Amino acid sequence: MFEAPFMVRAFAELALLALICGPVSVFVFARRLSFVADALTHTVFPGVVIGFAAAGAEGIFGGALVAGVLTAVALTLLTRAGLLSDDAATAVVLTAMFSVGVALVSRRSSYTSDLTTFLFGRILTVTPRQLAETAVLAVVILALVAVGARAWIFRAFDPTGSAAAGFRTTWLDLWLNLVVALVVVAAVRAVGTVLVIALLVVPAAAARTVTDRLPAMAALGTVLTLLAGYAGLWVSWTASIDYGVRLTSATAVVLILVLAYAVLLPVGRLRAKTVGRAKTVGQAR
Amino acid sequence: MADTDTALRYASAALGYRGRAVLTDVDFALRGGRTLALVGPNGAGKSTLIKSVLGLAEVVGGAVTVLGRPVAQARGLAAYVPQVDSLDADFPVSAADVVLMGRYRRIGWWRPTGRADRQAALAALDRVGLADRARVRFGLLSGGQRQRVLVARAIAAESRLLLLDEPLNGVDATSQAAILRALGELTAAGAALLISTHDLGLAARIADQVCLLNGRQWAAGTPAEVLTGELLRRAYGGHAVDLPDGRTVLVEP
């Protein structure tokens with residue numbers, strides 16, 4: 001499969017996404033930000049459409065970046081001011097921005113084709129320039145995660161305790177929302193605005209079934225995403241080349257990632273039962 | 001000159017949210033090495049007072065100083081011990097991870113966690129009798145053990161002012177003894193403790209000062225001065241009942 005250069009670029013893109021989605025998904029999990037992450041994946045949609053209309057495929061990155069950052073700021077301010085509950089603010093921003101995106105894309109003559117690209121991505125057409133942009137973004141994201149990780153975990157575990165220790169909750173929330181937005185921006189061209197949520201939620205959720213340690217969750221989430229990336233590309237390649245079945249690569253990657261979660265679930269349940277017995281013994285001491 | 005021996009000072013303070021006071025006439029000083037118990041019914045303003053130290057509730061009127069500084073300049077100086085039930089027991093962190101959180105402010109943003117920090121965390125766990133449970137997931141400990149871990153986190157922070165929210169609520173006898181022993185060591189070393197509690201017996205037993213609240217400060221002084229039938233009846237309304245032997249008990253409304 002890797003004799004085709006576009007498959008190498010596709011796998012390299014997925015490997016970069018695995019590197020950032022493994023750690024970031026841990027914080028999405030710890031802060032229970034799955035809905036916020038879902039909202040961010042939808043709210044970059046109008047930015048993607050505007051960027052594409054203005055500068056073609058190369059404009060998607062900039063459009064998504066602007067929309068993602070604006071949404072991250074808006075969500076943080078709305079919840080900070082107590083104007084709306086977290087869920088309500090997220091839902092309002094999500095539906096408003098997604099509606100704008102649909103209205104914009106429906107004005108284009110190639111409506112169906114464009115919409116499919118925006119929603120489900122085009123991993124096989126990743127260019128070297130796009131790969132370089134994702135690499136730069138990955139470095140920025142990992143640096144932001146490395147600095148914020150401790151404070152985010154403290155804030156997720158005990159918001160009042162972290163405030164007592166001097167950490168400013170609003171800044172930490174904005175910081176994490178921006179990082180999630182950057183991940184969405186990095187992934188949106190490859191897997192689209194709909195499927196990117198899987199990369200932000202499933203790695204940590206799957207890893208959590210087999211480990212209690214946050215660093216291990218991040219590492220395992222990265223490995224799972226990497227394996228799903230390779231397997232997904234292989235499945236879609238084999239399906240189309242050997243069997244003539246059209247299967248979108250990004251969809252195959254996400255399906256295999258979700259399958260990994262489904263396989264790990266019973267392992268996690270078995271583990272929970274074992275741990276439950278250990279807890280009874282430990283608390284008696 | 002700043003009064004460095006006074007950990008906490010409220011001078012005719014009014015506390016609240018969005019500019020509206022919910023607790024008024026707060027006036028007391030807590031010195032290093034002393035314990036002050038906040039008592040009062042639910043909604044009396046005990047949590048608001050603790051939040052005001054952390055900068056999470058506003059000082060609407062009067063003045064508040066924390067370790068000699070205005071509240072706005074005292075961020076991160078006090079250590080906070082929450083009620084264990086307010087935390088997610090499924091959160092994937094070990095007991096040692098939780099205690100290390102008390103060191104985060106000292107460690108800073110960039111520096112990795114060093115050996116000295118890990119040793120300080122283990123020493124703090126040892127002070128509450130849980131050194132052998134360091135690697136156990138926080139949620140797998142009993143409620144009392146989890147509360148001890150949170151006290152250890154405050155110890156690891158090495159703060160001169162500790163704020164404790166109902167630290168013995170629902171805690172078993174073994175953990176109560178461990179927590180009270182650790183708190184005694186802290187005050188002996190010069191730390192000031194501000195403890196919110198519904199347990200008047202505990203307040204009488206461990207506090208040097210008691211502050212009686214219900215929308216305003218009804219009284220502040222020694223336990224003998226504050227925990228009287230008359231004052232309790234005034235603050236708690238009809239829920240304070242005198243017993244024939246001269247003691248006063250609180251009953252459910």
# chains A, B, ... in the order shown; residues from 1 in each chain; ligands from 1
>>> interface_residues(of="chain B", to="chain A", cutoff="6 Å", atoms="only C-alpha atoms", output="PyMOL selection string")
chain B and resi 54+75-76+80+92+109+140-142
>>> closest_residue(among="A:Leu17, A:Leu77, A:Val223, A:Leu178", to="A:Ala198", atoms="only C-alpha atoms")
A:Leu17
>>> residues_around(residues="A:Val24", least_positions_apart="2", cutoff="10 Å", atoms="only C-alpha atoms", output="list in words")
Ala18, Leu19, Ile20, Cys21, Gly22, Val26, Phe27, Val28, Phe29, Ala30, Ile141, Leu142, Val145, Ala149, Leu176, Val179, Val180, Val183, Leu199, Leu200, Val201, Pro203, Ala204, Ala218, Gly221 and Thr222 of chain A
>>> write_last_selection(atoms="C-alpha atoms", output="CSV table (one decimal), in the first residue's frame")
chain,number,residue,atom,x,y,z
A,18,ALA,CA,-2.4,10.3,16.7
A,19,LEU,CA,0.5,12.1,18.5
A,20,ILE,CA,-1.8,15.0,19.5
A,21,CYS,CA,-5.1,13.3,19.9
A,22,GLY,CA,-3.8,10.7,22.4
A,26,VAL,CA,-7.2,12.6,28.0
A,27,PHE,CA,-8.0,16.2,29.0
A,28,VAL,CA,-11.2,16.1,27.1
A,29,PHE,CA,-12.1,13.0,29.1
A,30,ALA,CA,-10.9,14.4,32.4
A,141,ILE,CA,-0.3,21.8,20.6
A,142,LEU,CA,2.1,19.4,22.3
A,145,VAL,CA,-0.3,20.6,26.5
A,149,ALA,CA,-1.2,19.5,31.8
A,176,LEU,CA,-7.8,24.0,27.0
A,179,VAL,CA,-6.0,23.5,22.3
A,180,VAL,CA,-9.1,21.4,21.4
A,183,VAL,CA,-6.7,19.8,17.2
A,199,LEU,CA,-10.3,11.3,17.5
A,200,LEU,CA,-10.9,13.6,20.4
A,201,VAL,CA,-13.0,11.2,22.5
A,203,PRO,CA,-8.6,7.3,22.3
A,204,ALA,CA,-8.9,8.2,26.0
A,218,ALA,CA,-2.3,9.3,26.7
A,221,GLY,CA,-4.6,6.5,23.2
A,222,THR,CA,-1.9,7.5,20.8
>>> atom_distance(atom1="atom CA of B:Gln217", atom2="atom CA of B:Val53")
16.1 Å
>>> select_by_dssp(residues="stretch 24-202 of chain B", states="strand (DSSP E)", output="ChimeraX atom specification")
/B:24-31,35-39,58-66,69-70,78-81,161-165,192-196
>>> closest_atom_pairs(of="stretch 127-219 of chain A", to="stretch 53-71 of chain A", cutoff="12 Å", atoms="only C-alpha atoms", output="tab-separated table")
residue	atom	partner	partner_atom	distance
A:Thr127	CA	A:Glu58	CA	9.7
A:Pro128	CA	A:Glu58	CA	11.7
A:Arg129	CA	A:Glu58	CA	9.0
A:Gln130	CA	A:Glu58	CA	8.0
A:Leu131	CA	A:Phe61	CA	11.5
A:Ala132	CA	A:Phe61	CA	11.9
A:Glu133	CA	A:Phe61	CA	8.5
A:Thr134	CA	A:Phe61	CA	9.4
A:Leu137	CA	A:Leu65	CA	10.5
A:Leu174	CA	A:Val69	CA	9.7
A:Trp175	CA	A:Val69	CA	10.3
A:Leu176	CA	A:Val69	CA	11.2
A:Asn177	CA	A:Val69	CA	8.4
A:Leu178	CA	A:Val69	CA	6.0
A:Val179	CA	A:Val69	CA	9.0
A:Val180	CA	A:Gly68	CA	8.6
A:Ala181	CA	A:Gly68	CA	4.9
A:Leu182	CA	A:Leu65	CA	6.9
A:Val183	CA	A:Gly68	CA	9.4
A:Val184	CA	A:Gly68	CA	7.6
A:Val185	CA	A:Ala64	CA	5.5
A:Ala186	CA	A:Phe61	CA	7.7
A:Ala187	CA	A:Phe61	CA	9.6
A:Val188	CA	A:Ala64	CA	7.9
A:Arg189	CA	A:Ile60	CA	7.4
A:Ala190	CA	A:Phe61	CA	11.0
A:Gly192	CA	A:Ile60	CA	10.9
A:Thr193	CA	A:Ala64	CA	9.8
>>> closest_residue(among="A:Trp171, A:Leu224, A:Phe52, A:Ala252", to="A:Ser236", atoms="only C-alpha atoms")
A:Ala252
>>> residues_around(residues="stretch 17-31 of chain B", least_positions_apart="4", cutoff="8 Å", atoms="only C-alpha atoms", output="PyMOL selection string")
chain B and resi 5-13+35-36+44-45+48-49+57-58+60+192+214-217+220
>>> select_by_dssp(residues="stretch 10-253 of chain B", states="alpha helix (DSSP H)", output="number ranges by chain")
B: 46-54, 95-101, 104-107, 115-127, 143-156, 173-188, 200-206, 223-226, 229-236
>>> closest_residue(among="B:Ala235, B:Leu125, B:Leu180, B:Val84", to="B:Cys211", atoms="only C-alpha atoms")
B:Ala235
>>> closest_residue(among="A:Leu220, A:Leu270, A:Val139, A:Val210", to="A:Pro23", atoms="only C-alpha atoms")
A:Leu220
